[in-house]
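Asker: Input: one structure, supplied below.
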Protein chains: 2
Amino acid sequence: MPEFDLITRYFAPLAKSPAARGLRDDAAVLPVPPPGHELVITKDMIAAGVHFRADHAPDFVAQWLMAVNLSDLAAMGATPLGCLLGFGLARDTPESWVAGFALGLGVSITTWDCPLLGGDTISGLAQHVLSLTAFGTVPTGHALSRGGARAGDLLVVSGTIGHNGLAVLRHFLQNRHNEPNWHFINPTSEPAPTVPPTPRLALGTALRGVATACADVSDGLLADAGHLAVASGLRVEVDLAAVPVADGWAATEAAHLQAVTAGDDYELVFALPREKSAELLTLQQQLGLKLTVIGRFSAGAGVVVFSAQGTDITPDRHGYQHG
Amino acid sequence: MPEFDLITRYFAPLAKSPAARGLRDDAAVLPVPPPGHELVITKDMIAAGVHFRADHAPDFVAQWLMAVNLSDLAAMGATPLGCLLGFGLARDTPESWVAGFALGLGVSITTWDCPLLGGDTISGLAQHVLSLTAFGTVPTGHALSRGGARAGDLLVVSGTIGHNGLAVLRHFLQNRHNEPNWHFINPTSEPAPTVPPTPRLALGTALRGVATACADVSDGLLADAGHLAVASGLRVEVDLAAVPVADGWAATEAAHLQAVTAGDDYELVFALPREKSAELLTLQQQLGLKLTVIGRFSAGAGVVVFSAQGTDITPDRHGYQHG
């Protein structure tokens, strides 16, 4: 189907913001952020066969794409302002896939109040390659960063860790019953429904002026805690037994090490000064979101993982290996 | 090679703006535009095998990617502010390709004063898929659009048309000497060097308050003139003999019709009130850029092409067919 029709039929109805100019101009024109605010911008791409499977539902893929980008805005403490879509379609994609994608995108736009402002489409690719650029605002000077933690700060994570890692493991193992990694999974558990991640936007804005460093958990909890440590010039210590691991993982150290290195959690991991630890409970109640102290920052470098017995059980691999 | 190394080695050195935060945070933080300005944002993707050939030099591909995006900013009358790169690499790409791409990107960043602020990388794709998001500013309310032309306005185009179309045609025909389309090419001409397009940024800003409608020529001169006509609710008439066609095309009507529908020119096509036609010469001298009146807008709808004899020779196809 011609790209002009595809835009008119599926994406123009989603681009209702005046800044999008009906998708009819060469670019979108965004009003400046309110006085005293800065613009926060991020861009994440996902590809079929790399980040999602060909059999994932298109509405799920669209919501995933939006969530991974909004999660970056959340990690910076920003409020969404709008987005641009780069829609690269594999050849011979049925129109129903496009319709499903547009449906999911529409749900995300409404849920997260992040209007579609424009973008570009390509068809005839060897695989789907989807790109999103998301814009947000933050009061000037109040963007969170990875680099502000101080020695003595607590390491805190939102929600639970390993939900998506478990789904990936289940899918990988589903036709290999003799695979040794089966013992990572609680044998009495049922597969959880596949749901797109929830970007922690309300938490991100609440952490402005509270957290000293923040990142979202995309590469793996240990890897992303490590990013905070590197950027802050510190060492980070993680108590594995304290990590809130998602249901379905076996109750073993080996399984939990797998969960904290699997990635794609899109929770926030942040540094909190000890004197602000009382605020955690308030925040948790306000947001209806679990916030768990899982470790601390200290002088030095690197990531160290401790067992419940205080033994150093740091694995070699801290997260998803890019490359 | 791991993506973290790739970013550190090739892209972090290009991301010198403080807004990029050394590519170490989850997003870039851009200062707001100067008071009284709006933000203009655009996103264009290109893919190997669709928009460029696998044997195109990587520095050329990078400059092309930047040019097609900056051309959209030019069409809106905006001044570049920065960009985000989505870098999707085909599997088994040699590092020299990445190095060449980064070199070309660095040239574009410097030439067009458009700092790299961040982005994302994927490797292991079936083909290169590259995405850029470009940001610019324009004084509030002064962005050009496609929809402001009035009946009686002149149709003007910058530079020459058909340079890239000719290169594509030459490549397509090079091993097919009996192909009938050879007669589109001037037999005494030599192939022109392959150079990235020049985004007409200085012209775009100069047209603020002067042109009533503007677009860049990406789909084809007739197609993009047609976009101005549709958005303005008018008909546009093009005098084929007036169009400044690039050297190398045969001096025939059929060849020139091919040139004005080939696309990828990245010149600006705009509507100019007749009473401002004297300003064309001034602009042309200031910018050192040819500006040619090639037609006019009138009441009605559609695109009409006239021969030198005033005959209607409108072709069925107005430009590159998306899809």
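Letters for chains follow the order of the structure tokens (A, B, ...), residue numbers begin at 1 for each chain, and ligand numbers begin at 1 in the order shown.
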Residues of chain B that approach chain A to 6 Å or less, counting only C-alpha atoms: could you list each one with the shortest pair of atoms and its distance in Å to one decimal, rows by chain and increasing residue number, as CSV?

Answerer:
```
residue,atom,partner,partner_atom,distance
B:Met1,CA,A:Gly323,CA,5.7
B:Pro2,CA,A:Gly323,CA,4.0
B:Glu3,CA,A:Gly323,CA,4.9
B:Asp25,CA,A:Arg146,CA,5.9
B:Asp26,CA,A:Asp72,CA,5.1
B:Ala27,CA,A:Thr42,CA,4.7
B:Ala28,CA,A:Ile41,CA,5.2
B:Val29,CA,A:Val40,CA,4.4
B:Leu30,CA,A:Leu39,CA,4.9
B:Pro31,CA,A:Glu38,CA,5.1
B:Val32,CA,A:Glu38,CA,5.4
B:Glu38,CA,A:Pro31,CA,5.1
B:Leu39,CA,A:Leu30,CA,4.9
B:Val40,CA,A:Val29,CA,4.4
B:Ile41,CA,A:Ala28,CA,5.2
B:Thr42,CA,A:Ala27,CA,4.7
B:Lys43,CA,A:Gly119,CA,5.2
B:Asp44,CA,A:Asp120,CA,5.4
B:Asp72,CA,A:Asp26,CA,5.1
B:Gly119,CA,A:Lys43,CA,5.2
B:Asp120,CA,A:Asp44,CA,5.4
B:Ser145,CA,A:Asp25,CA,6.0
B:Arg146,CA,A:Asp25,CA,6.0
B:His322,CA,A:Glu3,CA,5.1
B:Gly323,CA,A:Pro2,CA,4.0
```

Asker: Among region 201-257 of chain A, which ones does DSSP assign to strand (DSSP E or B) (computed from the backbone)? Answer as a list of chain:residue names.

Answerer: A:Ala213, A:Cys214, A:Ala215, A:Asp216, A:Arg235, A:Val236, A:Glu237, A:Val238, A:Asp239, A:Val245, A:Trp249

Asker: Fit chain A to chain B, all Cα atoms paired in order, least squares. Then write it as an mmCIF file with C-alpha atoms, in the first residue's frame.

Answerer:
```
data_model
loop_
_atom_site.group_PDB
_atom_site.id
_atom_site.type_symbol
_atom_site.label_atom_id
_atom_site.label_comp_id
_atom_site.auth_asym_id
_atom_site.auth_seq_id
_atom_site.Cartn_x
_atom_site.Cartn_y
_atom_site.Cartn_z
ATOM 1 C CA MET A 1 32.166 -4.973 18.192
ATOM 2 C CA PRO A 2 30.183 -4.139 21.368
ATOM 3 C CA GLU A 3 27.796 -1.195 20.989
ATOM 4 C CA PHE A 4 29.251 0.613 23.987
ATOM 5 C CA ASP A 5 32.701 0.639 22.344
ATOM 6 C CA LEU A 6 31.196 1.742 19.046
ATOM 7 C CA ILE A 7 29.488 4.692 20.740
ATOM 8 C CA THR A 8 32.568 5.607 22.759
ATOM 9 C CA ARG A 9 34.955 5.353 19.839
ATOM 10 C CA TYR A 10 32.969 6.874 16.991
ATOM 11 C CA PHE A 11 29.969 8.862 18.182
ATOM 12 C CA ALA A 12 30.892 10.287 21.603
ATOM 13 C CA PRO A 13 33.687 12.373 19.967
ATOM 14 C CA LEU A 14 31.017 13.884 17.693
ATOM 15 C CA ALA A 15 28.678 14.694 20.613
ATOM 16 C CA LYS A 16 30.503 17.702 22.026
ATOM 17 C CA SER A 17 27.451 19.834 22.872
ATOM 18 C CA PRO A 18 26.828 20.106 26.640
ATOM 19 C CA ALA A 19 23.211 19.138 25.812
ATOM 20 C CA ALA A 20 24.473 15.666 24.836
ATOM 21 C CA ARG A 21 25.844 15.055 28.369
ATOM 22 C CA GLY A 22 28.687 13.041 26.861
ATOM 23 C CA LEU A 23 26.091 10.467 25.668
ATOM 24 C CA ARG A 24 26.202 9.111 29.232
ATOM 25 C CA ASP A 25 22.611 9.778 30.363
ATOM 26 C CA ASP A 26 19.322 8.234 29.218
ATOM 27 C CA ALA A 27 18.403 11.352 27.235
ATOM 28 C CA ALA A 28 19.818 14.687 26.096
ATOM 29 C CA VAL A 29 18.780 17.927 27.791
ATOM 30 C CA LEU A 30 18.382 20.826 25.392
ATOM 31 C CA PRO A 31 18.178 24.418 26.591
ATOM 32 C CA VAL A 32 14.931 26.039 25.484
ATOM 33 C CA PRO A 33 15.040 28.037 22.255
ATOM 34 C CA PRO A 34 15.536 31.801 22.648
ATOM 35 C CA PRO A 35 12.382 33.665 23.795
ATOM 36 C CA GLY A 36 9.996 34.227 20.913
ATOM 37 C CA HIS A 37 11.107 31.114 19.062
ATOM 38 C CA GLU A 38 9.451 27.782 18.300
ATOM 39 C CA LEU A 39 11.050 24.388 17.955
ATOM 40 C CA VAL A 40 10.915 22.663 14.535
ATOM 41 C CA ILE A 41 11.455 18.881 14.556
ATOM 42 C CA THR A 42 11.751 16.337 11.765
ATOM 43 C CA LYS A 43 12.723 12.684 11.338
ATOM 44 C CA ASP A 44 13.757 10.905 8.143
ATOM 45 C CA MET A 45 14.982 7.328 7.793
ATOM 46 C CA ILE A 46 17.066 5.813 4.983
ATOM 47 C CA ALA A 47 17.739 2.114 4.329
ATOM 48 C CA ALA A 48 20.331 0.244 2.263
ATOM 49 C CA GLY A 49 18.748 -1.184 -0.860
ATOM 50 C CA VAL A 50 15.861 1.299 -0.629
ATOM 51 C CA HIS A 51 17.424 4.778 -0.443
ATOM 52 C CA PHE A 52 21.102 4.030 -1.028
ATOM 53 C CA ARG A 53 23.165 1.231 -2.483
ATOM 54 C CA ALA A 54 25.416 -1.121 -0.540
ATOM 55 C CA ASP A 55 28.361 0.188 -2.567
ATOM 56 C CA HIS A 56 27.788 3.835 -1.624
ATOM 57 C CA ALA A 57 30.648 5.156 0.518
ATOM 58 C CA PRO A 58 29.678 5.356 4.227
ATOM 59 C CA ASP A 59 30.733 9.021 4.560
ATOM 60 C CA PHE A 60 28.439 9.838 1.632
ATOM 61 C CA VAL A 61 25.568 7.931 3.310
ATOM 62 C CA ALA A 62 26.040 9.874 6.566
ATOM 63 C CA GLN A 63 26.077 13.218 4.757
ATOM 64 C CA TRP A 64 23.024 12.196 2.739
ATOM 65 C CA LEU A 65 21.124 11.247 5.916
ATOM 66 C CA MET A 66 21.941 14.597 7.503
ATOM 67 C CA ALA A 67 21.115 16.530 4.306
ATOM 68 C CA VAL A 68 17.657 14.996 3.801
ATOM 69 C CA ASN A 69 16.728 15.912 7.370
ATOM 70 C CA LEU A 70 18.220 19.420 7.295
ATOM 71 C CA SER A 71 16.418 19.951 3.989
ATOM 72 C CA ASP A 72 13.136 19.512 5.909
ATOM 73 C CA LEU A 73 14.254 22.148 8.424
ATOM 74 C CA ALA A 74 15.183 24.430 5.489
ATOM 75 C CA ALA A 75 11.726 23.968 3.963
ATOM 76 C CA MET A 76 10.217 25.214 7.243
ATOM 77 C CA GLY A 77 12.567 28.218 7.466
ATOM 78 C CA ALA A 78 14.302 26.811 10.549
ATOM 79 C CA THR A 79 17.892 27.100 11.811
ATOM 80 C CA PRO A 80 19.465 23.799 13.023
ATOM 81 C CA LEU A 81 19.794 23.266 16.768
ATOM 82 C CA GLY A 82 20.927 19.625 16.982
ATOM 83 C CA CYS A 83 20.168 16.021 16.071
ATOM 84 C CA LEU A 84 19.772 12.465 17.374
ATOM 85 C CA LEU A 85 21.069 9.471 15.405
ATOM 86 C CA GLY A 86 19.414 6.042 15.117
ATOM 87 C CA PHE A 87 22.200 3.813 13.828
ATOM 88 C CA GLY A 88 20.962 0.383 12.690
ATOM 89 C CA LEU A 89 23.850 -1.667 11.319
ATOM 90 C CA ALA A 90 23.673 -4.708 9.071
ATOM 91 C CA ARG A 91 25.278 -7.830 10.527
ATOM 92 C CA ASP A 92 28.983 -8.431 9.738
ATOM 93 C CA THR A 93 29.592 -4.764 8.883
ATOM 94 C CA PRO A 94 33.336 -4.040 8.964
ATOM 95 C CA GLU A 95 34.446 -1.424 11.465
ATOM 96 C CA SER A 96 35.820 0.650 8.575
ATOM 97 C CA TRP A 97 32.208 1.300 7.476
ATOM 98 C CA VAL A 98 31.363 2.703 10.911
ATOM 99 C CA ALA A 99 34.529 4.816 10.871
ATOM 100 C CA GLY A 100 33.646 6.182 7.416
ATOM 101 C CA PHE A 101 30.090 6.948 8.509
ATOM 102 C CA ALA A 102 31.318 8.791 11.607
ATOM 103 C CA LEU A 103 33.734 10.787 9.445
ATOM 104 C CA GLY A 104 30.935 11.917 7.119
ATOM 105 C CA LEU A 105 28.643 12.684 10.028
ATOM 106 C CA GLY A 106 31.368 14.827 11.577
ATOM 107 C CA VAL A 107 31.726 16.806 8.348
ATOM 108 C CA SER A 108 27.959 17.448 8.243
ATOM 109 C CA ILE A 109 27.809 18.418 11.928
ATOM 110 C CA THR A 110 30.520 21.029 11.367
ATOM 111 C CA THR A 111 29.315 22.250 7.970
ATOM 112 C CA TRP A 112 25.700 22.747 9.044
ATOM 113 C CA ASP A 113 26.374 23.592 12.707
ATOM 114 C CA CYS A 114 24.010 20.863 13.864
ATOM 115 C CA PRO A 115 25.483 19.138 16.958
ATOM 116 C CA LEU A 116 24.866 15.448 17.649
ATOM 117 C CA LEU A 117 22.969 15.183 20.957
ATOM 118 C CA GLY A 118 22.399 11.442 21.347
ATOM 119 C CA GLY A 119 20.677 8.467 19.773
ATOM 120 C CA ASP A 120 20.626 4.706 19.729
ATOM 121 C CA THR A 121 22.447 1.870 17.947
ATOM 122 C CA ILE A 122 21.349 -1.600 16.836
ATOM 123 C CA SER A 123 23.597 -4.148 15.176
ATOM 124 C CA GLY A 124 22.829 -7.451 13.500
ATOM 125 C CA LEU A 125 20.162 -6.173 11.087
ATOM 126 C CA ALA A 126 19.581 -7.637 7.632
ATOM 127 C CA GLN A 127 20.436 -4.236 6.087
ATOM 128 C CA HIS A 128 21.572 -0.801 7.274
ATOM 129 C CA VAL A 129 18.604 1.289 8.519
ATOM 130 C CA LEU A 130 19.564 4.808 9.556
ATOM 131 C CA SER A 131 17.315 7.329 11.217
ATOM 132 C CA LEU A 132 17.951 10.930 12.134
ATOM 133 C CA THR A 133 15.867 13.365 14.139
ATOM 134 C CA ALA A 134 16.794 17.003 13.551
ATOM 135 C CA PHE A 135 15.743 19.994 15.661
ATOM 136 C CA GLY A 136 15.697 23.622 14.676
ATOM 137 C CA THR A 137 14.241 26.938 15.723
ATOM 138 C CA VAL A 138 12.169 29.545 13.996
ATOM 139 C CA PRO A 139 10.792 32.866 15.307
ATOM 140 C CA THR A 140 7.319 32.151 16.726
ATOM 141 C CA GLY A 141 4.684 32.149 13.994
ATOM 142 C CA HIS A 142 7.240 32.419 11.172
ATOM 143 C CA ALA A 143 7.658 28.756 10.216
ATOM 144 C CA LEU A 144 7.047 28.288 6.493
ATOM 145 C CA SER A 145 4.337 25.806 5.552
ATOM 146 C CA ARG A 146 3.025 24.108 2.444
ATOM 147 C CA GLY A 147 -0.408 25.620 2.785
ATOM 148 C CA GLY A 148 -0.168 29.406 2.345
ATOM 149 C CA ALA A 149 0.049 29.961 -1.439
ATOM 150 C CA ARG A 150 -2.502 32.301 -3.054
ATOM 151 C CA ALA A 151 -3.863 32.313 -6.596
ATOM 152 C CA GLY A 152 -1.500 34.417 -8.746
ATOM 153 C CA ASP A 153 1.609 33.545 -6.709
ATOM 154 C CA LEU A 154 4.665 32.510 -8.723
ATOM 155 C CA LEU A 155 6.177 29.025 -8.426
ATOM 156 C CA VAL A 156 9.940 29.219 -7.846
ATOM 157 C CA VAL A 157 12.632 26.551 -7.497
ATOM 158 C CA SER A 158 16.232 26.828 -6.270
ATOM 159 C CA GLY A 159 19.307 25.330 -7.946
ATOM 160 C CA THR A 160 18.940 22.712 -10.680
ATOM 161 C CA ILE A 161 16.693 19.673 -10.855
ATOM 162 C CA GLY A 162 17.547 16.090 -11.786
ATOM 163 C CA HIS A 163 21.171 15.720 -10.657
ATOM 164 C CA ASN A 164 20.473 12.671 -8.496
ATOM 165 C CA GLY A 165 17.796 11.320 -10.843
ATOM 166 C CA LEU A 166 20.399 11.241 -13.605
ATOM 167 C CA ALA A 167 22.931 9.410 -11.394
ATOM 168 C CA VAL A 168 20.298 6.790 -10.526
ATOM 169 C CA LEU A 169 19.352 6.408 -14.201
ATOM 170 C CA ARG A 170 23.005 6.048 -15.241
ATOM 171 C CA HIS A 171 23.575 3.385 -12.597
ATOM 172 C CA PHE A 172 20.413 1.518 -13.577
ATOM 173 C CA LEU A 173 21.338 1.562 -17.253
ATOM 174 C CA GLN A 174 25.042 1.000 -16.979
ATOM 175 C CA ASN A 175 24.906 -2.679 -17.913
ATOM 176 C CA ARG A 176 21.946 -2.428 -20.276
ATOM 177 C CA HIS A 177 23.149 -0.618 -23.373
ATOM 178 C CA ASN A 178 20.067 -1.461 -25.406
ATOM 179 C CA GLU A 179 17.666 -0.003 -22.844
ATOM 180 C CA PRO A 180 15.378 2.596 -24.508
ATOM 181 C CA ASN A 181 15.842 5.082 -21.623
ATOM 182 C CA TRP A 182 19.400 5.791 -22.764
ATOM 183 C CA HIS A 183 17.978 8.498 -24.981
ATOM 184 C CA PHE A 184 17.151 10.528 -21.819
ATOM 185 C CA ILE A 185 20.875 11.076 -21.329
ATOM 186 C CA ASN A 186 22.973 13.530 -23.334
ATOM 187 C CA PRO A 187 25.409 11.172 -25.100
ATOM 188 C CA THR A 188 28.282 13.679 -24.948
ATOM 189 C CA SER A 189 27.983 14.163 -21.164
ATOM 190 C CA GLU A 190 30.216 12.562 -18.529
ATOM 191 C CA PRO A 191 28.846 11.125 -15.265
ATOM 192 C CA ALA A 192 28.926 13.822 -12.569
ATOM 193 C CA PRO A 193 30.689 13.064 -9.274
ATOM 194 C CA THR A 194 28.433 11.632 -6.545
ATOM 195 C CA VAL A 195 28.047 14.408 -3.976
ATOM 196 C CA PRO A 196 25.621 14.640 -1.066
ATOM 197 C CA PRO A 197 22.809 17.178 -1.499
ATOM 198 C CA THR A 198 23.184 20.684 -0.061
ATOM 199 C CA PRO A 199 20.333 21.486 2.327
ATOM 200 C CA ARG A 200 19.139 25.006 1.427
ATOM 201 C CA LEU A 201 19.174 26.321 4.992
ATOM 202 C CA ALA A 202 20.209 29.912 4.183
ATOM 203 C CA LEU A 203 17.478 30.140 1.544
ATOM 204 C CA GLY A 204 14.884 28.723 3.969
ATOM 205 C CA THR A 205 15.551 31.355 6.610
ATOM 206 C CA ALA A 206 15.654 34.093 3.948
ATOM 207 C CA LEU A 207 12.193 33.024 2.731
ATOM 208 C CA ARG A 208 10.514 33.664 6.114
ATOM 209 C CA GLY A 209 7.939 36.376 5.519
ATOM 210 C CA VAL A 210 8.725 36.279 1.772
ATOM 211 C CA ALA A 211 7.445 32.911 0.473
ATOM 212 C CA THR A 212 3.788 32.071 1.105
ATOM 213 C CA ALA A 213 4.361 28.300 0.886
ATOM 214 C CA CYS A 214 7.454 26.103 0.721
ATOM 215 C CA ALA A 215 8.537 22.446 0.516
ATOM 216 C CA ASP A 216 11.757 20.651 -0.286
ATOM 217 C CA VAL A 217 12.000 18.611 -3.490
ATOM 218 C CA SER A 218 12.307 15.039 -2.235
ATOM 219 C CA ASP A 219 9.553 13.089 -4.033
ATOM 220 C CA GLY A 220 9.934 14.899 -7.385
ATOM 221 C CA LEU A 221 9.513 18.514 -8.486
ATOM 222 C CA LEU A 222 5.979 17.938 -9.829
ATOM 223 C CA ALA A 223 4.968 15.866 -6.798
ATOM 224 C CA ASP A 224 6.263 18.447 -4.319
ATOM 225 C CA ALA A 225 4.799 21.416 -6.243
ATOM 226 C CA GLY A 226 1.590 19.365 -6.107
ATOM 227 C CA HIS A 227 1.875 19.101 -2.306
ATOM 228 C CA LEU A 228 1.960 22.925 -2.142
ATOM 229 C CA ALA A 229 -1.111 23.093 -4.408
ATOM 230 C CA VAL A 230 -3.112 20.553 -2.350
ATOM 231 C CA ALA A 231 -2.207 22.161 0.989
ATOM 232 C CA SER A 232 -3.079 25.625 -0.399
ATOM 233 C CA GLY A 233 -6.315 24.487 -2.100
ATOM 234 C CA LEU A 234 -5.068 25.658 -5.528
ATOM 235 C CA ARG A 235 -3.888 24.413 -8.897
ATOM 236 C CA VAL A 236 -0.245 24.722 -9.858
ATOM 237 C CA GLU A 237 0.981 25.215 -13.433
ATOM 238 C CA VAL A 238 4.565 24.311 -14.368
ATOM 239 C CA ASP A 239 6.323 25.530 -17.538
ATOM 240 C CA LEU A 240 8.613 22.620 -18.333
ATOM 241 C CA ALA A 241 10.924 24.690 -20.551
ATOM 242 C CA ALA A 242 11.551 27.086 -17.651
ATOM 243 C CA VAL A 243 12.763 24.364 -15.263
ATOM 244 C CA PRO A 244 16.555 24.521 -14.715
ATOM 245 C CA VAL A 245 17.433 20.897 -15.505
ATOM 246 C CA ALA A 246 20.834 19.556 -14.412
ATOM 247 C CA ASP A 247 23.586 19.051 -17.008
ATOM 248 C CA GLY A 248 23.702 15.647 -18.639
ATOM 249 C CA TRP A 249 20.020 15.201 -19.443
ATOM 250 C CA ALA A 250 19.129 15.120 -23.155
ATOM 251 C CA ALA A 251 17.530 18.373 -24.430
ATOM 252 C CA THR A 252 14.157 16.700 -25.009
ATOM 253 C CA GLU A 253 10.734 17.077 -23.435
ATOM 254 C CA ALA A 254 10.685 13.373 -22.504
ATOM 255 C CA ALA A 255 14.038 13.623 -20.722
ATOM 256 C CA HIS A 256 13.021 16.779 -18.855
ATOM 257 C CA LEU A 257 9.738 15.174 -17.759
ATOM 258 C CA GLN A 258 11.890 12.379 -16.330
ATOM 259 C CA ALA A 259 14.065 14.931 -14.477
ATOM 260 C CA VAL A 260 11.110 16.751 -12.871
ATOM 261 C CA THR A 261 9.624 13.493 -11.555
ATOM 262 C CA ALA A 262 12.829 11.764 -10.380
ATOM 263 C CA GLY A 263 13.052 13.319 -6.901
ATOM 264 C CA ASP A 264 15.876 13.467 -4.318
ATOM 265 C CA ASP A 265 16.839 16.980 -5.395
ATOM 266 C CA TYR A 266 16.633 18.644 -1.952
ATOM 267 C CA GLU A 267 16.161 22.035 -3.558
ATOM 268 C CA LEU A 268 13.342 24.254 -2.232
ATOM 269 C CA VAL A 269 10.185 24.833 -4.263
ATOM 270 C CA PHE A 270 8.090 27.765 -3.076
ATOM 271 C CA ALA A 271 5.252 30.173 -3.768
ATOM 272 C CA LEU A 272 6.143 33.860 -4.137
ATOM 273 C CA PRO A 273 3.663 36.751 -4.387
ATOM 274 C CA ARG A 274 4.181 38.520 -7.753
ATOM 275 C CA GLU A 275 4.846 41.864 -6.058
ATOM 276 C CA LYS A 276 7.886 40.297 -4.368
ATOM 277 C CA SER A 277 9.450 38.991 -7.583
ATOM 278 C CA ALA A 278 12.059 41.785 -7.541
ATOM 279 C CA GLU A 279 13.397 40.267 -4.296
ATOM 280 C CA LEU A 280 14.362 37.114 -6.178
ATOM 281 C CA LEU A 281 17.351 38.769 -7.808
ATOM 282 C CA THR A 282 18.575 40.210 -4.498
ATOM 283 C CA LEU A 283 18.191 36.833 -2.800
ATOM 284 C CA GLN A 284 19.950 35.071 -5.658
ATOM 285 C CA GLN A 285 22.925 37.408 -5.359
ATOM 286 C CA GLN A 286 23.051 37.281 -1.558
ATOM 287 C CA LEU A 287 22.970 33.483 -1.482
ATOM 288 C CA GLY A 288 24.919 32.726 -4.671
ATOM 289 C CA LEU A 289 22.109 30.341 -5.576
ATOM 290 C CA LYS A 290 20.017 30.213 -8.753
ATOM 291 C CA LEU A 291 16.314 30.933 -8.171
ATOM 292 C CA THR A 292 14.043 30.336 -11.157
ATOM 293 C CA VAL A 293 10.370 31.136 -11.732
ATOM 294 C CA ILE A 294 8.933 27.946 -13.253
ATOM 295 C CA GLY A 295 5.184 28.483 -13.045
ATOM 296 C CA ARG A 296 2.261 29.881 -11.061
ATOM 297 C CA PHE A 297 -0.656 29.042 -8.782
ATOM 298 C CA SER A 298 -4.254 29.514 -9.908
ATOM 299 C CA ALA A 299 -7.757 28.680 -8.722
ATOM 300 C CA GLY A 300 -8.594 24.997 -9.154
ATOM 301 C CA ALA A 301 -6.796 21.803 -8.227
ATOM 302 C CA GLY A 302 -4.013 19.536 -9.463
ATOM 303 C CA VAL A 303 -0.688 19.887 -11.262
ATOM 304 C CA VAL A 304 -0.578 20.929 -14.928
ATOM 305 C CA VAL A 305 2.637 20.888 -17.001
ATOM 306 C CA PHE A 306 2.890 23.055 -20.125
ATOM 307 C CA SER A 307 5.309 22.608 -23.021
ATOM 308 C CA ALA A 308 7.171 25.564 -24.537
ATOM 309 C CA GLN A 309 4.310 25.695 -27.063
ATOM 310 C CA GLY A 310 1.706 25.908 -24.292
ATOM 311 C CA THR A 311 0.432 22.343 -24.793
ATOM 312 C CA ASP A 312 -0.698 20.382 -21.706
ATOM 313 C CA ILE A 313 1.919 17.615 -21.365
ATOM 314 C CA THR A 314 1.154 16.605 -17.768
ATOM 315 C CA PRO A 315 2.523 13.106 -17.113
ATOM 316 C CA ASP A 316 0.561 10.535 -15.090
ATOM 317 C CA ARG A 317 3.354 10.072 -12.583
ATOM 318 C CA HIS A 318 4.461 13.206 -10.650
ATOM 319 C CA GLY A 319 7.277 11.711 -8.626
ATOM 320 C CA TYR A 320 8.675 8.820 -6.713
ATOM 321 C CA GLN A 321 5.878 6.446 -5.707
ATOM 322 C CA HIS A 322 6.100 5.706 -1.989
ATOM 323 C CA GLY A 323 5.148 2.167 -1.117
#
```

Asker: Considering only alpha helix (DSSP H) as DSSP defines it on the backbone, what residues of region 99-312 of chain A qualify? List them as an NGL selection string.

Answerer: :A and (99-112 or 163-173 or 201-206 or 221-232 or 253-262 or 278-287)
